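> Sharing a structure here in structure tokens format.
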Amino acid sequence: MRVGLLVPSSNTVMERDFHHALPRHVTVVTARMLLESVEPDAEEVMLREHAPRAAETVGTAAPDLVVFGCTSASALLDDSGESRLCRELSAAAGAPTISLIGAVRSALQRRAPRAVAVFTPYVDELTRRIAASIEAAGQVVVSAVGLGITENLRIGAVEPDDLVRLARERVATAGADLVFVSCTNLRALEAREALERSLGVPVLTSNQAALEEVACRLRLGPLWPEG
């Protein structure tokens, strides 16, 4: 089996998480979408200009499934825009495409939390978009906070221990029974168990949600106990 991964060009984390988590018989093939700054204008250019070309490129490897690997960019779209994006990328790649925010919604539905706290590395506008996209799917968001980082390489350079410390300092978990940590370029999956110990509630990460969706679509079975 082959999974096509479309990632922002400055993403240094998602491929490693996929290679580490997926079974050995699943090959990950990647195409990169030009992006350096994690801001709405830059992400809209990536969606419009670079994502279709990346999908066409990864399609030459004949993937069984394609993942659009950017949470914040997919959250810029409403439901119809997200569906249209997946259709266009599927046509370009010749394989079904899932969006990251769609995978997050599915993972939240399986867990059915009463309320969610959102933690991101993004600027406020993108953090609000993530929270709004989760709420649009019927979830209750009690808090949403971001780190205000715009340079994607800096996001990927945040060490897991620092991520845990920042989450402990900034995330308000009062009223929440799950924390969603957004961004495919954040080492949150690596830090997930430590985050759960520190915050005292279950944690869902972007790459975790994407991997669970891939496992479901390809019938791979659970990748971890709660998957």
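Scheme for the structure tokens: letters A, B, ... for chains in order shown; per-chain residue numbers from 1; ligand numbers from 1 in order shown.
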With the cut-off set at 10 Å and counting only C-alpha atoms, tabulate each residue of range 130-216 of chain A with an atom at most that distance from an atom of range 107-121 of chain A, showing the nearest atom pair and its distance in Å to one decimal, ordered by chain and increasing number, as JSON lines.


```
{"residue": "A:Ile130", "atom": "CA", "partner": "A:Val118", "partner_atom": "CA", "distance": 8.0}
{"residue": "A:Ala131", "atom": "CA", "partner": "A:Val118", "partner_atom": "CA", "distance": 6.7}
{"residue": "A:Ile134", "atom": "CA", "partner": "A:Leu108", "partner_atom": "CA", "distance": 8.7}
{"residue": "A:Glu135", "atom": "CA", "partner": "A:Val116", "partner_atom": "CA", "distance": 9.4}
{"residue": "A:Ala137", "atom": "CA", "partner": "A:Gln109", "partner_atom": "CA", "distance": 8.8}
{"residue": "A:Gly138", "atom": "CA", "partner": "A:Gln109", "partner_atom": "CA", "distance": 9.0}
{"residue": "A:Gln139", "atom": "CA", "partner": "A:Ala115", "partner_atom": "CA", "distance": 6.7}
{"residue": "A:Val140", "atom": "CA", "partner": "A:Ala115", "partner_atom": "CA", "distance": 4.8}
{"residue": "A:Val141", "atom": "CA", "partner": "A:Val116", "partner_atom": "CA", "distance": 4.7}
{"residue": "A:Val142", "atom": "CA", "partner": "A:Ala117", "partner_atom": "CA", "distance": 5.6}
{"residue": "A:Ser143", "atom": "CA", "partner": "A:Ala117", "partner_atom": "CA", "distance": 4.9}
{"residue": "A:Ala144", "atom": "CA", "partner": "A:Val118", "partner_atom": "CA", "distance": 4.4}
{"residue": "A:Val145", "atom": "CA", "partner": "A:Phe119", "partner_atom": "CA", "distance": 5.2}
{"residue": "A:Gly146", "atom": "CA", "partner": "A:Thr120", "partner_atom": "CA", "distance": 4.5}
{"residue": "A:Leu147", "atom": "CA", "partner": "A:Pro121", "partner_atom": "CA", "distance": 4.5}
{"residue": "A:Gly148", "atom": "CA", "partner": "A:Pro121", "partner_atom": "CA", "distance": 6.0}
{"residue": "A:Ile149", "atom": "CA", "partner": "A:Pro121", "partner_atom": "CA", "distance": 5.7}
{"residue": "A:Thr150", "atom": "CA", "partner": "A:Pro121", "partner_atom": "CA", "distance": 8.2}
{"residue": "A:Glu151", "atom": "CA", "partner": "A:Pro121", "partner_atom": "CA", "distance": 10.0}
{"residue": "A:Asn152", "atom": "CA", "partner": "A:Pro121", "partner_atom": "CA", "distance": 9.3}
{"residue": "A:Arg154", "atom": "CA", "partner": "A:Pro121", "partner_atom": "CA", "distance": 9.6}
{"residue": "A:Ile155", "atom": "CA", "partner": "A:Pro121", "partner_atom": "CA", "distance": 6.6}
{"residue": "A:Gly156", "atom": "CA", "partner": "A:Pro121", "partner_atom": "CA", "distance": 9.8}
{"residue": "A:Val158", "atom": "CA", "partner": "A:Pro121", "partner_atom": "CA", "distance": 9.5}
{"residue": "A:Leu163", "atom": "CA", "partner": "A:Pro121", "partner_atom": "CA", "distance": 9.5}
{"residue": "A:Leu166", "atom": "CA", "partner": "A:Phe119", "partner_atom": "CA", "distance": 9.8}
{"residue": "A:Ala167", "atom": "CA", "partner": "A:Phe119", "partner_atom": "CA", "distance": 7.4}
{"residue": "A:Arg170", "atom": "CA", "partner": "A:Phe119", "partner_atom": "CA", "distance": 8.4}
{"residue": "A:Val171", "atom": "CA", "partner": "A:Phe119", "partner_atom": "CA", "distance": 6.6}
{"residue": "A:Ala172", "atom": "CA", "partner": "A:Ala117", "partner_atom": "CA", "distance": 7.0}
{"residue": "A:Thr173", "atom": "CA", "partner": "A:Ala117", "partner_atom": "CA", "distance": 6.2}
{"residue": "A:Ala174", "atom": "CA", "partner": "A:Ala117", "partner_atom": "CA", "distance": 8.7}
{"residue": "A:Gly175", "atom": "CA", "partner": "A:Ala115", "partner_atom": "CA", "distance": 6.7}
{"residue": "A:Ala176", "atom": "CA", "partner": "A:Ala115", "partner_atom": "CA", "distance": 4.7}
{"residue": "A:Asp177", "atom": "CA", "partner": "A:Ala115", "partner_atom": "CA", "distance": 5.9}
{"residue": "A:Leu178", "atom": "CA", "partner": "A:Val116", "partner_atom": "CA", "distance": 5.1}
{"residue": "A:Val179", "atom": "CA", "partner": "A:Ala117", "partner_atom": "CA", "distance": 4.7}
{"residue": "A:Phe180", "atom": "CA", "partner": "A:Val118", "partner_atom": "CA", "distance": 5.0}
{"residue": "A:Val181", "atom": "CA", "partner": "A:Phe119", "partner_atom": "CA", "distance": 4.8}
{"residue": "A:Ser182", "atom": "CA", "partner": "A:Thr120", "partner_atom": "CA", "distance": 5.0}
{"residue": "A:Cys183", "atom": "CA", "partner": "A:Thr120", "partner_atom": "CA", "distance": 6.7}
{"residue": "A:Asn185", "atom": "CA", "partner": "A:Pro121", "partner_atom": "CA", "distance": 9.3}
{"residue": "A:Leu186", "atom": "CA", "partner": "A:Pro121", "partner_atom": "CA", "distance": 7.7}
{"residue": "A:Pro202", "atom": "CA", "partner": "A:Pro113", "partner_atom": "CA", "distance": 9.6}
{"residue": "A:Val203", "atom": "CA", "partner": "A:Ala117", "partner_atom": "CA", "distance": 9.5}
{"residue": "A:Leu204", "atom": "CA", "partner": "A:Ala107", "partner_atom": "CA", "distance": 8.1}
{"residue": "A:Thr205", "atom": "CA", "partner": "A:Phe119", "partner_atom": "CA", "distance": 9.6}
{"residue": "A:Ser206", "atom": "CA", "partner": "A:Ala107", "partner_atom": "CA", "distance": 9.7}
{"residue": "A:Gln208", "atom": "CA", "partner": "A:Ala107", "partner_atom": "CA", "distance": 8.8}
{"residue": "A:Ala209", "atom": "CA", "partner": "A:Ala107", "partner_atom": "CA", "distance": 5.7}
{"residue": "A:Ala210", "atom": "CA", "partner": "A:Ala107", "partner_atom": "CA", "distance": 8.6}
{"residue": "A:Glu212", "atom": "CA", "partner": "A:Ala107", "partner_atom": "CA", "distance": 7.5}
{"residue": "A:Glu213", "atom": "CA", "partner": "A:Ala107", "partner_atom": "CA", "distance": 7.8}
```

> May I have the residues within 6 Å of range 95-106 of chain A as number ranges by chain, using only C-alpha atoms and disregarding those fewer than 5 positions away in the same chain?

A: 64-69, 71, 74, 86, 90, 209-210, 213

> Keeping C-alpha atoms for every residue in the selection just given, could you write it to a file as an mmCIF file, in the first residue's frame?


```
data_model
loop_
_atom_site.group_PDB
_atom_site.id
_atom_site.type_symbol
_atom_site.label_atom_id
_atom_site.label_comp_id
_atom_site.auth_asym_id
_atom_site.auth_seq_id
_atom_site.Cartn_x
_atom_site.Cartn_y
_atom_site.Cartn_z
ATOM 1 C CA ASP A 64 -3.978 4.282 -2.584
ATOM 2 C CA LEU A 65 -4.855 7.318 -0.468
ATOM 3 C CA VAL A 66 -3.719 10.944 -0.284
ATOM 4 C CA VAL A 67 -3.500 13.114 2.832
ATOM 5 C CA PHE A 68 -3.604 16.910 2.600
ATOM 6 C CA GLY A 69 -1.219 17.507 5.466
ATOM 7 C CA THR A 71 -4.460 21.526 9.536
ATOM 8 C CA SER A 74 -7.813 23.095 5.574
ATOM 9 C CA CYS A 86 -10.561 17.063 -1.658
ATOM 10 C CA SER A 90 -8.301 13.432 -5.687
ATOM 11 C CA ALA A 209 -5.870 12.137 13.803
ATOM 12 C CA ALA A 210 -4.473 11.845 10.272
ATOM 13 C CA GLU A 213 -7.971 8.173 9.420
#
```

> My list of candidates is A:Thr12, A:Asp124, A:Glu49, A:Ser133. Which is closest to Ala157 in chain A when distances are computed with only C-alpha atoms?

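That would be A:Thr12, the residue with the smallest distance to Ala157 in chain A.
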
> Return as a tab-separated table (two decimals) with C-alpha atoms, in the first residue's frame the full set of residues in range 3-55 of chain A whose backbone-based DSSP assignment is strand (DSSP E or B).


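The file below, selection-v3.tsv, is the result:
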```tsv
chain	number	residue	atom	x	y	z
A	3	VAL	CA	-0.01	6.77	1.13
A	4	GLY	CA	0.55	10.04	-0.69
A	5	LEU	CA	1.39	12.87	1.67
A	6	LEU	CA	1.03	16.52	0.64
A	7	VAL	CA	2.97	18.66	3.12
A	8	PRO	CA	4.01	22.30	3.29
A	27	THR	CA	4.98	3.15	1.87
A	28	VAL	CA	4.72	6.92	2.33
A	29	VAL	CA	5.37	9.03	-0.76
A	30	THR	CA	5.56	12.79	-0.34
A	31	ALA	CA	5.09	15.92	-2.43
A	32	ARG	CA	5.78	19.37	-1.02
A	33	MET	CA	3.66	22.52	-1.30
A	37	SER	CA	5.10	31.48	6.69
```

> Name the residues of range 24-176 of chain A that fall into alpha helix (DSSP H) according to DSSP on the backbone, using the chain letters and numbers of this document, as JSON, numbers by chain.

{"A": [40, 41, 42, 43, 44, 45, 51, 52, 53, 54, 55, 56, 57, 58, 59, 71, 72, 73, 74, 75, 79, 80, 81, 82, 83, 84, 85, 86, 87, 88, 89, 90, 91, 92, 93, 100, 101, 102, 103, 104, 105, 106, 107, 108, 109, 110, 111, 124, 125, 126, 127, 128, 129, 130, 131, 132, 133, 134, 135, 136, 152, 153, 154, 155, 156, 160, 161, 162, 163, 164, 165, 166, 167, 168, 169, 170]}

> Export C-alpha atoms of the chosen residues as a tab-separated table (two decimals), in the first residue's frame?


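Saved as again-v6.tsv:
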```tsv
chain	number	residue	atom	x	y	z
A	40	PRO	CA	-3.69	32.96	6.18
A	41	ASP	CA	-2.55	34.78	3.02
A	42	ALA	CA	0.38	32.44	2.45
A	43	GLU	CA	-1.74	29.38	3.09
A	44	GLU	CA	-4.40	30.54	0.63
A	45	VAL	CA	-1.69	30.78	-2.06
A	51	ALA	CA	-1.55	21.96	-3.64
A	52	PRO	CA	-2.90	20.89	-7.06
A	53	ARG	CA	0.60	20.59	-8.51
A	54	ALA	CA	1.76	18.58	-5.50
A	55	ALA	CA	-1.23	16.25	-5.86
A	56	GLU	CA	-0.45	15.69	-9.53
A	57	THR	CA	3.18	14.97	-8.65
A	58	VAL	CA	2.41	12.48	-5.88
A	59	GLY	CA	-0.12	10.83	-8.16
A	71	THR	CA	-4.46	21.53	9.54
A	72	SER	CA	-4.60	25.31	9.48
A	73	ALA	CA	-4.95	25.59	5.69
A	74	SER	CA	-7.81	23.09	5.57
A	75	ALA	CA	-9.50	24.99	8.42
A	79	ASP	CA	-17.50	22.55	4.44
A	80	SER	CA	-18.17	23.06	0.74
A	81	GLY	CA	-14.68	24.45	0.16
A	82	GLU	CA	-13.08	21.54	1.99
A	83	SER	CA	-15.11	19.04	-0.05
A	84	ARG	CA	-14.18	20.82	-3.27
A	85	LEU	CA	-10.49	20.80	-2.33
A	86	CYS	CA	-10.56	17.06	-1.66
A	87	ARG	CA	-12.33	16.41	-4.96
A	88	GLU	CA	-9.81	18.50	-6.90
A	89	LEU	CA	-6.81	16.90	-5.22
A	90	SER	CA	-8.30	13.43	-5.69
A	91	ALA	CA	-8.75	14.09	-9.40
A	92	ALA	CA	-5.17	15.37	-9.71
A	93	ALA	CA	-3.65	12.48	-7.74
A	100	LEU	CA	-6.49	17.20	8.02
A	101	ILE	CA	-9.36	19.08	9.61
A	102	GLY	CA	-11.72	16.37	8.37
A	103	ALA	CA	-9.56	13.75	10.05
A	104	VAL	CA	-9.58	15.79	13.27
A	105	ARG	CA	-13.37	16.01	13.23
A	106	SER	CA	-13.65	12.25	12.74
A	107	ALA	CA	-11.24	11.58	15.61
A	108	LEU	CA	-13.21	13.91	17.89
A	109	GLN	CA	-16.48	12.21	16.96
A	110	ARG	CA	-15.02	8.84	17.94
A	111	ARG	CA	-13.92	10.22	21.32
A	124	ASP	CA	-4.59	34.26	16.72
A	125	GLU	CA	-6.52	34.32	13.45
A	126	LEU	CA	-5.54	30.77	12.53
A	127	THR	CA	-6.17	29.56	16.08
A	128	ARG	CA	-9.68	31.02	15.90
A	129	ARG	CA	-10.23	29.29	12.54
A	130	ILE	CA	-9.26	25.94	14.03
A	131	ALA	CA	-11.64	26.43	16.96
A	132	ALA	CA	-14.46	27.56	14.66
A	133	SER	CA	-13.98	24.57	12.37
A	134	ILE	CA	-14.21	22.19	15.33
A	135	GLU	CA	-17.30	23.97	16.64
A	136	ALA	CA	-18.92	23.80	13.20
A	152	ASN	CA	7.10	27.09	9.98
A	153	LEU	CA	10.68	25.97	10.54
A	154	ARG	CA	10.45	27.45	14.05
A	155	ILE	CA	7.29	25.44	14.71
A	156	GLY	CA	9.08	22.23	13.74
A	160	PRO	CA	8.77	18.08	22.98
A	161	ASP	CA	9.80	19.09	26.51
A	162	ASP	CA	9.32	22.76	25.63
A	163	LEU	CA	5.95	21.97	24.09
A	164	VAL	CA	4.81	20.30	27.31
A	165	ARG	CA	6.00	23.27	29.36
A	166	LEU	CA	4.26	25.79	27.09
A	167	ALA	CA	1.03	23.80	27.15
A	168	ARG	CA	1.14	23.57	30.95
A	169	GLU	CA	1.62	27.34	31.16
A	170	ARG	CA	-0.96	28.41	28.58
```

> Mind giving me the straight-line distance from CA of Ala21 in chain A to CA of Ala191 in chain A in Å, one decimal?

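Result for CA of Ala21 in chain A versus CA of Ala191 in chain A: 14.1 Å, one decimal.
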